[in-house]
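Novice: Please read through the structure below; I'll follow up with questions.
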Amino acid sequence: MTKDNDKAKAKALTILAKDIPKLAAAANILGSPLLCSILEHAQKEVEIELAKLEGAQASLAAGGVHGQSSPDR
């Protein structure tokens with residue numbers, strides 16, 4: 001992924017991370033356990049994707065992605 005795509009993905013995931021708990025609270029008030037469950041699962045997926053993205057950014061900052069060969073090999 002390019003740097004611009006990473007930034008866009010990070011922004012979208014950050015918005016979701018902030019808004020999904022609000023939606024889950026609203027679903028709870030409405031008494032919709034299925035919707036609450038779906039939103040809880042979505043929140044976990046967002047957290048996983050954010051962690052992956054942060055890990056990739058940290059890896060690049062530390063000098064590259066591990067496990068990939070460099071062009072000069």
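Naming works like this for the structure tokens: A, B, ... for the chains as they're shown, residue 1 at the start of each chain, ligands 1 onward in shown order.
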Using only C-alpha atoms, determine which residues lie at most 12 Å from Thr2 (chain A), disregarding the query and same-chain residues fewer than 6 positions distant; provide the list as a PyMOL selection string.
Specialist: chain A and resi 8-9+53+56-57+60
Novice: Those same residues, written as a tab-separated table (two decimals), in the first residue's frame with N, CA, C and O atoms?
Specialist:
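See out_9.tsv below for the written result:
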chain	number	residue	atom	x	y	z
A	8	ALA	N	-5.11	7.24	4.43
A	8	ALA	CA	-6.56	7.20	4.26
A	8	ALA	C	-7.16	6.06	5.07
A	8	ALA	O	-8.20	6.22	5.71
A	9	LYS	N	-6.49	4.90	5.05
A	9	LYS	CA	-6.99	3.76	5.80
A	9	LYS	C	-6.94	4.05	7.30
A	9	LYS	O	-7.89	3.74	8.02
A	53	LEU	N	-1.83	-1.92	10.89
A	53	LEU	CA	-1.35	-0.71	10.22
A	53	LEU	C	-0.26	-0.04	11.04
A	53	LEU	O	0.77	0.37	10.50
A	56	ALA	N	2.89	-2.09	10.74
A	56	ALA	CA	3.55	-1.90	9.45
A	56	ALA	C	4.28	-0.57	9.42
A	56	ALA	O	5.40	-0.48	8.92
A	57	GLN	N	3.66	0.47	9.97
A	57	GLN	CA	4.30	1.78	9.99
A	57	GLN	C	5.53	1.76	10.88
A	57	GLN	O	6.56	2.33	10.55
A	60	LEU	N	8.32	-0.04	9.01
A	60	LEU	CA	8.92	0.81	7.99
A	60	LEU	C	9.82	1.86	8.62
A	60	LEU	O	10.89	2.17	8.11
Novice: Which one of A:Ile38, A:Pro33, A:Asn28, A:Val46 sits closest to Ile15 (chain A) if you count only C-alpha atoms?
Specialist: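 That would be A:Val46, the residue with the smallest distance to Ile15 (chain A).
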Novice: Near Glu54 (chain A), within 12 Å and counting only C-alpha atoms, which residues show up once chain neighbours fewer than 4 positions away are dropped, as a ChimeraX atom specification?
Specialist: /A:6-7,9-10,13-14,47-50,58-61
Novice: Out of A:Gly63, A:Asn5, A:Lys44, A:Leu39, which residue has the shortest atom-to-atom distance to Ala26 (chain A) when counting only C-alpha atoms?
Specialist: A:Leu39
Novice: Write down as a ChimeraX atom specification the residues belonging to chain A that are assigned helix (DSSP H, G or I) by DSSP computed on the backbone.
Specialist: /A:3-30,33-61
Novice: So that I have them on file, write out the residues from the current selection with C-alpha atoms, as a short mmCIF file (atom, residue, chain, number, x, y, z; two decimals), in the first residue's frame.
Specialist:
data_model
loop_
_atom_site.label_atom_id
_atom_site.label_comp_id
_atom_site.auth_asym_id
_atom_site.auth_seq_id
_atom_site.Cartn_x
_atom_site.Cartn_y
_atom_site.Cartn_z
CA LYS A 3 1.73 6.09 1.98
CA ASP A 4 -1.42 7.98 0.89
CA ASN A 5 -3.48 4.80 1.04
CA ASP A 6 -2.11 4.04 4.51
CA LYS A 7 -3.06 7.53 5.69
CA ALA A 8 -6.56 7.20 4.26
CA LYS A 9 -6.99 3.76 5.80
CA ALA A 10 -5.74 4.99 9.17
CA LYS A 11 -8.15 7.92 9.06
CA ALA A 12 -11.10 5.69 8.18
CA LEU A 13 -10.22 3.16 10.88
CA THR A 14 -9.86 5.95 13.45
CA ILE A 15 -13.31 7.28 12.59
CA LEU A 16 -14.79 3.79 12.87
CA ALA A 17 -13.02 3.20 16.19
CA LYS A 18 -14.67 6.34 17.57
CA ASP A 19 -18.13 5.81 16.08
CA ILE A 20 -18.77 2.08 16.47
CA PRO A 21 -19.05 2.28 20.29
CA LYS A 22 -21.64 5.06 19.89
CA LEU A 23 -23.61 2.94 17.44
CA ALA A 24 -23.39 -0.06 19.77
CA ALA A 25 -24.73 2.03 22.64
CA ALA A 26 -27.62 3.18 20.47
CA ALA A 27 -28.34 -0.42 19.42
CA ASN A 28 -28.32 -1.43 23.06
CA ILE A 29 -30.83 1.29 23.92
CA LEU A 30 -33.01 0.10 21.04
CA PRO A 33 -28.80 -7.74 20.62
CA LEU A 34 -27.98 -8.92 17.10
CA LEU A 35 -26.92 -5.44 16.03
CA CYS A 36 -24.89 -5.04 19.24
CA SER A 37 -23.12 -8.32 18.51
CA ILE A 38 -22.36 -7.29 14.93
CA LEU A 39 -20.99 -3.95 16.08
CA GLU A 40 -18.85 -5.59 18.78
CA HIS A 41 -17.36 -7.86 16.13
CA ALA A 42 -16.78 -4.88 13.85
CA GLN A 43 -15.02 -3.03 16.69
CA LYS A 44 -12.65 -5.97 17.20
CA GLU A 45 -11.90 -6.06 13.47
CA VAL A 46 -11.17 -2.33 13.44
CA GLU A 47 -8.80 -2.72 16.40
CA ILE A 48 -7.00 -5.58 14.62
CA GLU A 49 -6.64 -3.58 11.41
CA LEU A 50 -5.38 -0.54 13.31
CA ALA A 51 -2.80 -2.69 15.08
CA LYS A 52 -1.66 -4.17 11.76
CA LEU A 53 -1.35 -0.71 10.22
CA GLU A 54 0.55 0.64 13.22
CA GLY A 55 2.83 -2.39 13.15
CA ALA A 56 3.55 -1.90 9.45
CA GLN A 57 4.30 1.78 9.99
CA ALA A 58 6.61 0.96 12.91
CA SER A 59 8.37 -1.66 10.80
CA LEU A 60 8.92 0.81 7.99
CA ALA A 61 10.19 3.40 10.43
#
